[in-house]
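J.: Sharing structure.cif below, mmCIF, C-alpha atoms and all ligand atoms; chains and numbers go by the auth columns:
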data_final
loop_
_atom_site.group_PDB
_atom_site.id
_atom_site.type_symbol
_atom_site.label_atom_id
_atom_site.label_comp_id
_atom_site.label_asym_id
_atom_site.label_seq_id
_atom_site.Cartn_x
_atom_site.Cartn_y
_atom_site.Cartn_z
_atom_site.B_iso_or_equiv
_atom_site.auth_seq_id
_atom_site.auth_asym_id
ATOM 1 C CA MET A 1 15.290 36.146 -10.585 0.00 1 A
ATOM 2 C CA LYS A 2 14.344 35.767 -6.953 0.00 2 A
ATOM 3 C CA ILE A 3 10.691 36.005 -7.902 0.00 3 A
ATOM 4 C CA ILE A 4 11.037 33.264 -10.509 0.00 4 A
ATOM 5 C CA ILE A 5 12.733 30.932 -8.050 0.00 5 A
ATOM 6 C CA ALA A 6 10.038 31.617 -5.477 0.00 6 A
ATOM 7 C CA ILE A 7 7.344 30.748 -8.015 0.00 7 A
ATOM 8 C CA MET A 8 9.135 27.530 -8.958 0.00 8 A
ATOM 9 C CA ILE A 9 9.356 26.443 -5.328 0.00 9 A
ATOM 10 C CA LEU A 10 5.689 27.271 -4.851 0.00 10 A
ATOM 11 C CA ASN A 11 4.801 25.178 -7.877 0.00 11 A
ATOM 12 C CA ILE A 12 6.729 22.194 -6.591 0.00 12 A
ATOM 13 C CA SER A 13 4.946 22.357 -3.261 0.00 13 A
ATOM 14 C CA ILE A 14 1.562 22.612 -4.984 0.00 14 A
ATOM 15 C CA PHE A 15 2.170 19.642 -7.250 0.00 15 A
ATOM 16 C CA SER A 16 4.106 17.318 -4.967 0.00 16 A
ATOM 17 C CA LYS A 17 1.860 14.678 -3.489 0.00 17 A
ATOM 18 C CA ASN A 18 1.500 14.062 0.210 0.00 18 A
ATOM 19 C CA ILE A 19 1.582 10.320 -0.363 0.00 19 A
ATOM 20 C CA GLU A 20 3.623 8.635 -3.089 0.00 20 A
ATOM 21 C CA THR A 21 3.687 4.912 -3.751 0.00 21 A
ATOM 22 C CA SER A 22 6.146 2.747 -5.660 0.00 22 A
ATOM 23 C CA LYS A 23 7.038 -0.914 -6.360 0.00 23 A
ATOM 24 C CA GLU A 24 3.357 -1.842 -6.229 0.00 24 A
ATOM 25 C CA PHE A 25 2.407 -5.390 -7.139 0.00 25 A
ATOM 26 C CA ILE A 26 0.012 -8.202 -6.318 0.00 26 A
ATOM 27 C CA ARG A 27 1.338 -11.737 -6.175 0.00 27 A
ATOM 28 C CA LEU A 28 -0.101 -13.974 -8.863 0.00 28 A
ATOM 29 C CA SER A 29 -1.694 -16.818 -6.930 0.00 29 A
ATOM 30 C CA SER A 30 -2.633 -20.259 -8.194 0.00 30 A
ATOM 31 C CA PRO A 31 -5.836 -20.221 -10.294 0.00 31 A
ATOM 32 C CA PHE A 32 -8.072 -21.561 -7.535 0.00 32 A
ATOM 33 C CA ALA A 33 -6.572 -19.727 -4.579 0.00 33 A
ATOM 34 C CA GLN A 34 -8.980 -17.631 -2.556 0.00 34 A
ATOM 35 C CA VAL A 35 -6.324 -15.293 -1.198 0.00 35 A
ATOM 36 C CA THR A 36 -3.343 -13.336 -2.346 0.00 36 A
ATOM 37 C CA ALA A 37 -1.166 -10.498 -1.130 0.00 37 A
ATOM 38 C CA GLY A 38 -0.044 -7.094 -2.357 0.00 38 A
ATOM 39 C CA PHE A 39 3.176 -5.215 -1.700 0.00 39 A
ATOM 40 C CA LEU A 40 4.343 -1.632 -2.133 0.00 40 A
ATOM 41 C CA GLU A 41 6.316 1.216 -0.685 0.00 41 A
ATOM 42 C CA ILE A 42 4.429 4.198 0.714 0.00 42 A
ATOM 43 C CA LYS A 43 6.288 7.468 1.037 0.00 43 A
ATOM 44 C CA SER A 44 4.773 10.166 3.216 0.00 44 A
ATOM 45 C CA ASN A 45 5.684 13.770 2.508 0.00 45 A
ATOM 46 C CA TYR A 46 3.590 14.967 5.436 0.00 46 A
ATOM 47 C CA LYS A 47 5.277 17.050 8.116 0.00 47 A
ATOM 48 C CA LYS A 48 3.401 15.027 10.743 0.00 48 A
ATOM 49 C CA ASP A 49 3.251 11.322 11.500 0.00 49 A
ATOM 50 C CA ILE A 50 0.275 9.618 9.899 0.00 50 A
ATOM 51 C CA LYS A 51 -1.261 6.166 10.181 0.00 51 A
ATOM 52 C CA ILE A 52 -2.502 3.800 7.509 0.00 52 A
ATOM 53 C CA ILE A 53 -5.813 2.615 8.899 0.00 53 A
ATOM 54 C CA LYS A 54 -7.507 0.695 6.097 0.00 54 A
ATOM 55 C CA ALA A 55 -7.144 -0.809 2.642 0.00 55 A
ATOM 56 C CA GLU A 56 -9.996 -1.540 0.231 0.00 56 A
ATOM 57 C CA SER A 57 -10.281 -3.382 -3.052 0.00 57 A
ATOM 58 C CA ASP A 58 -13.199 -4.349 -5.272 0.00 58 A
ATOM 59 C CA PHE A 59 -11.736 -7.718 -6.307 0.00 59 A
ATOM 60 C CA SER A 60 -11.751 -9.299 -2.842 0.00 60 A
ATOM 61 C CA LYS A 61 -14.426 -9.659 -0.186 0.00 61 A
ATOM 62 C CA HIS A 62 -12.011 -8.591 2.541 0.00 62 A
ATOM 63 C CA THR A 63 -8.877 -6.505 2.355 0.00 63 A
ATOM 64 C CA GLU A 64 -6.697 -6.468 5.454 0.00 64 A
ATOM 65 C CA LEU A 65 -3.433 -4.995 6.631 0.00 65 A
ATOM 66 C CA HIS A 66 -1.172 -7.891 7.637 0.00 66 A
ATOM 67 C CA ASP A 67 2.210 -8.463 9.168 0.00 67 A
ATOM 68 C CA MET A 68 4.237 -11.584 10.011 0.00 68 A
ATOM 69 C CA LYS A 69 5.547 -12.823 13.331 0.00 69 A
ATOM 70 C CA MET A 70 7.347 -15.841 14.692 0.00 70 A
ATOM 71 C CA GLU A 71 5.062 -18.075 16.744 0.00 71 A
ATOM 72 C CA ASN A 72 6.073 -21.537 18.017 0.00 72 A
ATOM 73 C CA SER A 73 9.041 -21.329 15.627 0.00 73 A
ATOM 74 C CA LYS A 74 6.698 -20.826 12.673 0.00 74 A
ATOM 75 C CA MET A 75 6.105 -17.648 10.713 0.00 75 A
ATOM 76 C CA THR A 76 2.450 -16.733 10.944 0.00 76 A
ATOM 77 C CA MET A 77 0.586 -13.708 9.713 0.00 77 A
ATOM 78 C CA PHE A 78 -1.798 -11.488 11.593 0.00 78 A
ATOM 79 C CA ALA A 79 -4.052 -8.514 10.823 0.00 79 A
ATOM 80 C CA PHE A 80 -3.313 -5.153 12.386 0.00 80 A
ATOM 81 C CA ASP A 81 -5.522 -2.059 12.731 0.00 81 A
ATOM 82 C CA PHE A 82 -3.019 0.602 11.734 0.00 82 A
ATOM 83 C CA VAL A 83 0.626 1.314 11.151 0.00 83 A
ATOM 84 C CA LYS A 84 2.348 4.642 11.721 0.00 84 A
ATOM 85 C CA ILE A 85 4.415 6.299 9.017 0.00 85 A
ATOM 86 C CA PRO A 86 6.692 8.879 10.627 0.00 86 A
ATOM 87 C CA ALA A 87 6.870 12.298 8.950 0.00 87 A
ATOM 88 C CA HIS A 88 8.884 12.320 5.708 0.00 88 A
ATOM 89 C CA SER A 89 9.570 8.607 5.671 0.00 89 A
ATOM 90 C CA THR A 90 8.727 5.485 3.737 0.00 90 A
ATOM 91 C CA MET A 91 6.820 2.424 4.914 0.00 91 A
ATOM 92 C CA VAL A 92 7.712 -0.763 3.088 0.00 92 A
ATOM 93 C CA PHE A 93 5.264 -3.602 2.563 0.00 93 A
ATOM 94 C CA GLU A 94 7.383 -6.510 1.350 0.00 94 A
ATOM 95 C CA LYS A 95 7.479 -10.276 1.170 0.00 95 A
ATOM 96 C CA GLY A 96 7.893 -11.845 4.601 0.00 96 A
ATOM 97 C CA TYR A 97 6.833 -8.665 6.376 0.00 97 A
ATOM 98 C CA LYS A 98 3.909 -6.282 6.034 0.00 98 A
ATOM 99 C CA HIS A 99 1.510 -6.907 3.189 0.00 99 A
ATOM 100 C CA ILE A 100 -1.997 -6.115 2.013 0.00 100 A
ATOM 101 C CA MET A 101 -4.044 -9.298 2.266 0.00 101 A
ATOM 102 C CA PHE A 102 -6.838 -9.930 -0.220 0.00 102 A
ATOM 103 C CA ILE A 103 -9.236 -12.563 1.129 0.00 103 A
ATOM 104 C CA GLY A 104 -12.083 -14.116 -0.833 0.00 104 A
ATOM 105 C CA LEU A 105 -11.173 -13.182 -4.388 0.00 105 A
ATOM 106 C CA ASN A 106 -14.167 -12.145 -6.500 0.00 106 A
ATOM 107 C CA GLU A 107 -12.360 -12.800 -9.738 0.00 107 A
ATOM 108 C CA ARG A 108 -9.394 -14.709 -11.047 0.00 108 A
ATOM 109 C CA LEU A 109 -6.420 -12.373 -11.237 0.00 109 A
ATOM 110 C CA LYS A 110 -4.232 -12.814 -14.286 0.00 110 A
ATOM 111 C CA GLU A 111 -0.611 -11.947 -14.798 0.00 111 A
ATOM 112 C CA ASN A 112 -0.131 -8.274 -15.824 0.00 112 A
ATOM 113 C CA ASP A 113 -3.644 -7.261 -14.735 0.00 113 A
ATOM 114 C CA ILE A 114 -3.641 -3.802 -13.206 0.00 114 A
ATOM 115 C CA LYS A 115 -5.826 -3.557 -10.118 0.00 115 A
ATOM 116 C CA THR A 116 -6.651 -0.443 -8.142 0.00 116 A
ATOM 117 C CA ILE A 117 -6.825 -0.501 -4.393 0.00 117 A
ATOM 118 C CA LYS A 118 -7.511 2.326 -1.971 0.00 118 A
ATOM 119 C CA LEU A 119 -5.501 3.150 1.138 0.00 119 A
ATOM 120 C CA PHE A 120 -6.942 5.263 3.943 0.00 120 A
ATOM 121 C CA PHE A 121 -5.075 7.379 6.453 0.00 121 A
ATOM 122 C CA ASP A 122 -6.031 8.683 9.879 0.00 122 A
ATOM 123 C CA ASN A 123 -5.863 12.305 8.721 0.00 123 A
ATOM 124 C CA GLY A 124 -8.750 11.697 6.317 0.00 124 A
ATOM 125 C CA ASP A 125 -6.538 11.369 3.255 0.00 125 A
ATOM 126 C CA SER A 126 -6.816 8.414 0.907 0.00 126 A
ATOM 127 C CA VAL A 127 -4.966 7.326 -2.215 0.00 127 A
ATOM 128 C CA ASP A 128 -5.787 5.067 -5.127 0.00 128 A
ATOM 129 C CA VAL A 129 -2.921 2.713 -5.887 0.00 129 A
ATOM 130 C CA LYS A 130 -2.531 0.821 -9.146 0.00 130 A
ATOM 131 C CA MET A 131 -0.970 -2.595 -8.594 0.00 131 A
ATOM 132 C CA LYS A 132 0.242 -4.961 -11.269 0.00 132 A
ATOM 133 C CA VAL A 133 -0.331 -8.679 -10.872 0.00 133 A
ATOM 134 C CA LYS A 134 2.917 -10.606 -11.254 0.00 134 A
ATOM 135 C CA LYS A 135 4.748 -13.767 -10.313 0.00 135 A
ATOM 136 C CA PHE A 136 7.567 -13.811 -7.832 0.00 136 A
HETATM 137 CU CU CU B . -1.610 -12.048 5.192 0.00 201 B
#
Show how you would write the structure in this file as structure tokens.
T.:
Amino acid sequence: MKIIIAIMILNISIFSKNIETSKEFIRLSSPFAQVTAGFLEIKSNYKKDIKIIKAESDFSKHTELHDMKMENSKMTMFAFDFVKIPAHSTMVFEKGYKHIMFIGLNERLKENDIKTIKLFFDNGDSVDVKMKVKKF
């Protein structure tokens, strides 16, 4: 019995992913908009802190990591180079806060399209993330 349990635990550790994403979506922008934003939650199962250092997509000329801040009593957004995800925690990209910015759209995104983007981490890991285009 002990052996079976040990094997089960081993299996879980082999098949659990280091990075798991959820609630992924891209905001449906107006038909002629050149930019839009994507949101998701990124859960790190790493025992060490890691950093997200880059995002890439093939449907926009530039893909940036953005956040929002208050400036002259207006909310403005800005690009950042990296964000740290502490060990065993979740980083949330959500409306009004961090987001993935897609600038210079190469194609018109339609509602319910599924687009794949790539996220890169400072430990050399990367993940492909499927994001659904939707209104909000
Ligand atoms: Cu932005």
J.: Residues near stretch 65-73 of chain A, anyone? I mean within 10 Å using all atoms listed in the file, not counting same-chain ones fewer than 5 positions away, as a PyMOL selection string.
T.: chain A and resi 37-38+52-56+78-83+93-102
J.: Could you tell me how far atom CA of A:Lys135 lies from atom CA of A:Thr36, in Å and to one decimal?
T.: 11.4 Å
J.: With all atoms listed in the file as the basis for distance, which of A:Val127, A:Ala87, A:Ile42, A:Ile114 is at the shortest distance from A:Ile26?
T.: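 When distances to A:Ile26 are compared using all atoms listed in the file, the smallest one comes from A:Ile114.
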J.: Evaluated on this file, the PyMOL selection byres (((chain A and resi 30) around 12) and not hetatm) picks out some residues - which ones are they, written as a VMD selection string?
T.: chain A and resid 27 to 29 31 to 36 105 108 to 111 134 to 135
J.: List, as a list in words, every residue that the PyMOL selection byres (((chain A and resi 47) around 8) and not hetatm) selects in the file provided.
T.: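 That selection, the PyMOL selection byres (((chain A and resi 47) around 8) and not hetatm), comes back as Asn45, Tyr46, Lys48, Asp49, Ala87 and His88 of chain A.
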J.: Store the residues picked out above in a file with C-alpha atoms, as a PDB file, in the coordinates of the input.
T.:
ATOM      1  CA  ASN A  45       5.684  13.770   2.508  1.00  0.00           C
ATOM      2  CA  TYR A  46       3.590  14.967   5.436  1.00  0.00           C
ATOM      3  CA  LYS A  48       3.401  15.027  10.743  1.00  0.00           C
ATOM      4  CA  ASP A  49       3.251  11.322  11.500  1.00  0.00           C
ATOM      5  CA  ALA A  87       6.870  12.298   8.950  1.00  0.00           C
ATOM      6  CA  HIS A  88       8.884  12.320   5.708  1.00  0.00           C
TER       7      HIS A  88
END
J.: Please determine, counting only C-alpha atoms and all ligand atoms, which residue among A:Thr116, A:Ser126, A:Thr63, A:Thr90 has the shortest atom-to-atom distance to ligand CU 201 (chain B).
T.: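 That would be A:Thr63, the residue with the smallest distance to ligand CU 201 (chain B).
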J.: Using atom CA of A:Asp122 and atom CA of A:Ser22 as the two end points, give the distance in Å to one decimal.
T.: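 Result for atom CA of A:Asp122 versus atom CA of A:Ser22: 20.6 Å, one decimal.
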J.: Which one is closest to ligand CU 201 (chain B): A:Met77, A:Met91, A:Val133, A:Ile85? Count all atoms listed in the file.
T.: A:Met77
J.: May I ask which of the residues A:Gly104, A:Asp125, A:Asn18, A:Asp113 is the closest one to A:His62, counting all atoms listed in the file?
T.: A:Gly104
J.: Please, what distance in Å, to one decimal, runs between atom CA of A:Leu119 and atom CA of A:Glu20?
T.: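 The value is 11.5 Å.
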J.: Taking all atoms listed in the file into account, name the residue in A:Thr76, A:Asn106, A:Ile117, A:Val92 that is nearest to ligand CU 201 (chain B).
T.: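 When distances to ligand CU 201 (chain B) are compared using all atoms listed in the file, the smallest one comes from A:Thr76.
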J.: Which of these residues is nearest to ligand CU 201 (chain B), using all atoms listed in the file: A:Pro86, A:Lys23, A:Glu64, A:Asn123?
T.: A:Glu64
